>>> print(open('query.txt').read())   # compact mmCIF, C-alpha atoms and all ligand atoms
# COMPACT_ATOMS: atom_id res chain seq x y z
CA MET A 1 0.00 0.00 0.00
CA LEU A 2 1.46 3.31 -1.15
CA ASP A 3 0.72 6.82 0.07
CA ILE A 4 -1.42 8.88 -2.29
CA TYR A 5 -0.06 12.41 -2.71
CA THR A 6 -2.65 15.14 -2.68
CA LEU A 7 -3.15 18.63 -4.06
CA GLY A 8 -0.27 20.93 -3.14
CA GLU A 9 2.47 18.28 -3.40
CA PRO A 10 4.96 19.47 -6.03
CA VAL A 11 5.30 16.00 -7.59
CA LEU A 12 1.74 16.38 -8.92
CA GLN A 13 2.74 19.44 -10.93
CA ASN A 14 5.98 18.16 -12.43
CA LYS A 15 6.44 16.71 -15.88
CA ALA A 16 7.36 13.07 -15.26
CA GLU A 17 10.39 11.35 -16.78
CA PRO A 18 10.23 8.39 -19.19
CA VAL A 19 10.77 4.92 -17.76
CA LEU A 20 14.11 3.47 -18.90
CA ASN A 21 14.35 0.26 -16.90
CA PHE A 22 11.76 -2.49 -17.17
CA ASP A 23 12.79 -4.28 -14.04
CA ARG A 24 11.29 -6.02 -11.04
CA LYS A 25 10.99 -2.71 -9.24
CA LEU A 26 8.66 -1.36 -11.93
CA VAL A 27 6.43 -4.45 -11.74
CA ASP A 28 6.38 -4.31 -7.93
CA THR A 29 5.42 -0.63 -8.04
CA LEU A 30 2.62 -1.26 -10.56
CA GLU A 31 1.26 -4.09 -8.41
CA ALA A 32 1.42 -1.93 -5.29
CA MET A 33 -0.43 0.79 -7.20
CA VAL A 34 -3.23 -1.68 -8.03
CA VAL A 35 -3.65 -2.50 -4.32
CA THR A 36 -3.55 1.21 -3.43
CA MET A 37 -6.11 2.09 -6.11
CA HIS A 38 -8.48 -0.69 -4.97
CA ARG A 39 -8.31 0.45 -1.34
CA ALA A 40 -9.08 4.00 -2.43
CA ARG A 41 -11.88 2.78 -4.76
CA GLY A 42 -10.33 4.47 -7.76
CA ILE A 43 -10.37 3.46 -11.41
CA GLY A 44 -7.00 4.92 -12.34
CA LEU A 45 -3.76 5.93 -10.64
CA ALA A 46 -0.67 7.60 -12.08
CA ALA A 47 2.88 7.26 -10.75
CA PRO A 48 3.16 10.95 -9.69
CA GLN A 49 0.16 10.35 -7.41
CA VAL A 50 2.30 7.93 -5.39
CA GLY A 51 5.25 10.32 -5.43
CA ILE A 52 7.08 8.83 -8.41
CA SER A 53 7.83 11.31 -11.19
CA GLN A 54 7.89 8.74 -13.98
CA ARG A 55 5.67 8.17 -16.97
CA PHE A 56 3.36 5.31 -16.07
CA PHE A 57 -0.19 4.79 -14.85
CA ILE A 58 -2.73 2.08 -14.26
CA VAL A 59 -6.40 1.91 -15.21
CA GLN A 60 -9.04 -0.56 -14.11
CA ILE A 61 -12.69 -0.12 -14.89
CA GLU A 62 -15.65 -2.35 -14.07
CA ASN A 63 -14.65 -6.00 -13.90
CA GLU A 64 -11.76 -5.74 -16.34
CA LYS A 65 -8.17 -6.60 -15.50
CA PRO A 66 -5.88 -3.72 -14.56
CA LEU A 67 -4.13 -2.18 -17.57
CA PHE A 68 -0.57 -0.89 -17.28
CA PHE A 69 0.59 2.02 -19.46
CA VAL A 70 4.29 2.86 -19.45
CA ASN A 71 5.67 5.80 -21.47
CA PRO A 72 2.24 6.30 -23.10
CA GLU A 73 1.61 8.57 -26.06
CA ILE A 74 -1.89 9.57 -27.11
CA VAL A 75 -1.48 9.46 -30.87
CA GLU A 76 -5.00 10.28 -32.03
CA THR A 77 -8.10 11.88 -30.54
CA SER A 78 -11.60 12.36 -31.91
CA ILE A 79 -12.86 15.75 -32.99
CA GLU A 80 -16.08 14.92 -31.20
CA LYS A 81 -15.96 15.86 -27.53
CA MET A 82 -17.99 14.90 -24.51
CA LEU A 83 -18.63 16.13 -20.99
CA TYR A 84 -17.98 13.66 -18.20
CA GLU A 85 -17.78 14.11 -14.45
CA GLU A 86 -14.27 13.51 -13.14
CA GLY A 87 -12.77 13.10 -9.73
CA CYS A 88 -9.23 12.34 -8.60
CA LEU A 89 -7.75 10.40 -5.69
CA SER A 90 -5.34 13.31 -5.22
CA ILE A 91 -8.20 15.80 -4.70
CA PRO A 92 -10.68 13.74 -2.68
CA GLY A 93 -14.25 14.93 -2.70
CA VAL A 94 -13.88 17.25 -5.68
CA TYR A 95 -15.83 16.47 -8.84
CA ALA A 96 -16.43 18.46 -11.99
CA GLU A 97 -17.65 17.94 -15.51
CA ILE A 98 -14.76 18.20 -17.93
CA GLU A 99 -14.87 18.31 -21.71
CA ARG A 100 -12.46 16.03 -23.56
CA PRO A 101 -12.41 14.13 -26.85
CA SER A 102 -14.77 11.14 -26.90
CA THR A 103 -12.25 8.61 -28.20
CA LEU A 104 -8.50 8.16 -28.42
CA ILE A 105 -5.76 5.91 -29.67
CA VAL A 106 -2.92 5.41 -27.22
CA GLN A 107 0.41 3.70 -27.75
CA ALA A 108 2.30 2.53 -24.70
CA LEU A 109 4.58 -0.15 -23.33
CA ASN A 110 3.42 -2.76 -20.86
CA GLU A 111 5.28 -3.67 -17.67
CA LYS A 112 7.64 -5.88 -19.69
CA GLY A 113 8.46 -3.16 -22.20
CA LYS A 114 6.29 -4.63 -24.95
CA ARG A 115 4.58 -2.05 -27.16
CA PHE A 116 0.80 -2.06 -27.61
CA THR A 117 -1.82 0.16 -29.20
CA LEU A 118 -5.28 0.62 -27.74
CA GLU A 119 -8.33 2.38 -29.10
CA ALA A 120 -10.66 3.54 -26.36
CA SER A 121 -13.95 5.36 -25.96
CA GLY A 122 -16.37 6.20 -23.15
CA LEU A 123 -15.17 5.80 -19.58
CA LEU A 124 -11.95 4.01 -20.55
CA ALA A 125 -10.87 6.86 -22.84
CA ARG A 126 -11.78 9.35 -20.15
CA VAL A 127 -9.64 7.66 -17.50
CA ILE A 128 -6.68 7.37 -19.91
CA PHE A 129 -6.86 11.11 -20.71
CA HIS A 130 -7.05 11.94 -17.02
CA GLU A 131 -4.15 9.68 -15.99
CA ASN A 132 -2.01 10.71 -18.94
CA ASP A 133 -2.42 14.35 -17.89
CA HIS A 134 -0.93 13.47 -14.48
CA LEU A 135 2.32 12.58 -16.28
CA ASP A 136 2.52 16.18 -17.51
CA GLY A 137 1.69 17.65 -14.12
CA VAL A 138 -1.87 18.49 -15.13
CA LEU A 139 -4.85 17.89 -12.84
CA PHE A 140 -8.46 17.74 -14.07
CA ILE A 141 -9.28 20.96 -12.23
CA ASP A 142 -6.64 22.71 -14.36
CA LYS A 143 -9.02 22.23 -17.31
CA LEU A 144 -11.70 24.37 -15.67
CA MET A 145 -12.22 28.12 -15.97
CA PRO A 146 -9.83 29.80 -13.48
CA SER A 147 -12.69 31.15 -11.37
CA VAL A 148 -14.34 27.71 -11.08
CA ARG A 149 -10.99 26.06 -10.35
CA LYS A 150 -10.25 28.57 -7.61
CA LYS A 151 -13.65 28.06 -5.98
CA LEU A 152 -13.27 24.26 -5.96
CA ILE A 153 -9.77 24.51 -4.45
CA GLU A 154 -11.03 26.88 -1.74
CA GLN A 155 -13.88 24.49 -0.88
CA TYR A 156 -11.45 21.55 -0.84
CA GLU A 157 -8.97 23.35 1.42
CA SER A 158 -11.64 24.46 3.88
CA ARG A 159 -12.88 20.84 4.08
CA MET A 160 -9.30 19.63 4.66
CA ARG A 161 -8.84 22.12 7.50
CA ALA A 162 -12.15 21.21 9.13
CO CO A 201 -6.26 11.94 -10.95
>>> encode(input="query.txt", output="structure tokens", more="lines below")
Ligand code: CO
Amino acid sequence: MLDIYTLGEPVLQNKAEPVLNFDRKLVDTLEAMVVTMHRARGIGLAAPQVGISQRFFIVQIENEKPLFFVNPEIVETSIEKMLYEEGCLSIPGVYAEIERPSTLIVQALNEKGKRFTLEASGLLARVIFHENDHLDGVLFIDKLMPSVRKKLIEQYESRMRA
């Protein structure tokens, strides 16, 4: 079980570095992230959220197996966009509707360094966009109008102090 870093921790705002070594440590970290995500009832978790500034994340929706994305690149997105309510384990209790493309194609490596391509839509695409943003130091609230973002952060911080 890993600690989940929350809003205000610098690691969440940094651009993460590519993974170079596909070793046991990477696999152990990914597996620990799955346990951590399950405990927190999340459907995605990116390495910066557990304090690791490297380019990987996990996604697990519904009853599917966890998917591991290392050094991902979103190579295509649809012109069509959709609104979807997002939350984030690093900003507990905050939710907002965010507009993003409806579908994407992502290329990534798995935990063994093997390349794969995945086409996703709906919730799966949404979680991949959200987690991929974490690798560039971007949180979902950063996509909101500055005034809305500020209000949500103020509400979050007053709840955290309570
Ligand atoms: Co998040």
>>> closest_residue(input="query.txt", among="A:Glu80, A:Glu119, A:Asp133, A:Glu97", to="ligand CO 201 (chain A)", atoms="only C-alpha atoms and all ligand atoms")
A:Asp133
>>> residues_near_point(input="query.txt", point="(9.8, 5.6, -18.4)", cutoff="10 Å", atoms="all atoms listed in the file", output="list in words")
Ala16, Glu17, Pro18, Val19, Leu20, Asn21, Phe22, Leu26, Ser53, Gln54, Arg55, Phe56, Phe69, Val70, Asn71, Pro72, Leu109 and Gly113 of chain A
>>> closest_atom_pairs(input="query.txt", of="chain A", to="ligand CO 201 (chain A)", cutoff="7 Å", atoms="only C-alpha atoms and all ligand atoms", output="JSON lines")
{"residue": "A:Leu45", "atom": "CA", "partner": "A:CO201", "partner_atom": "CO", "distance": 6.5}
{"residue": "A:Gly87", "atom": "CA", "partner": "A:CO201", "partner_atom": "CO", "distance": 6.7}
{"residue": "A:Cys88", "atom": "CA", "partner": "A:CO201", "partner_atom": "CO", "distance": 3.8}
{"residue": "A:Leu89", "atom": "CA", "partner": "A:CO201", "partner_atom": "CO", "distance": 5.7}
{"residue": "A:Ser90", "atom": "CA", "partner": "A:CO201", "partner_atom": "CO", "distance": 6.0}
{"residue": "A:His130", "atom": "CA", "partner": "A:CO201", "partner_atom": "CO", "distance": 6.1}
{"residue": "A:Glu131", "atom": "CA", "partner": "A:CO201", "partner_atom": "CO", "distance": 5.9}
{"residue": "A:His134", "atom": "CA", "partner": "A:CO201", "partner_atom": "CO", "distance": 6.6}
{"residue": "A:Leu139", "atom": "CA", "partner": "A:CO201", "partner_atom": "CO", "distance": 6.4}
{"residue": "A:Phe140", "atom": "CA", "partner": "A:CO201", "partner_atom": "CO", "distance": 6.9}
>>> residues_around(input="query.txt", residues="Met82 of chain A", least_positions_apart="5", cutoff="7 Å", atoms="all atoms listed in the file", output="PyMOL selection string")
chain A and resi 99-102
>>> closest_residue(input="query.txt", among="A:Ile4, A:Leu12, A:Ile91, A:Leu83", to="Arg159 of chain A", atoms="only C-alpha atoms")
A:Ile91
>>> closest_residue(input="query.txt", among="A:Thr77, A:Gly8, A:Leu104, A:Met1", to="Val34 of chain A", atoms="only C-alpha atoms")
A:Met1
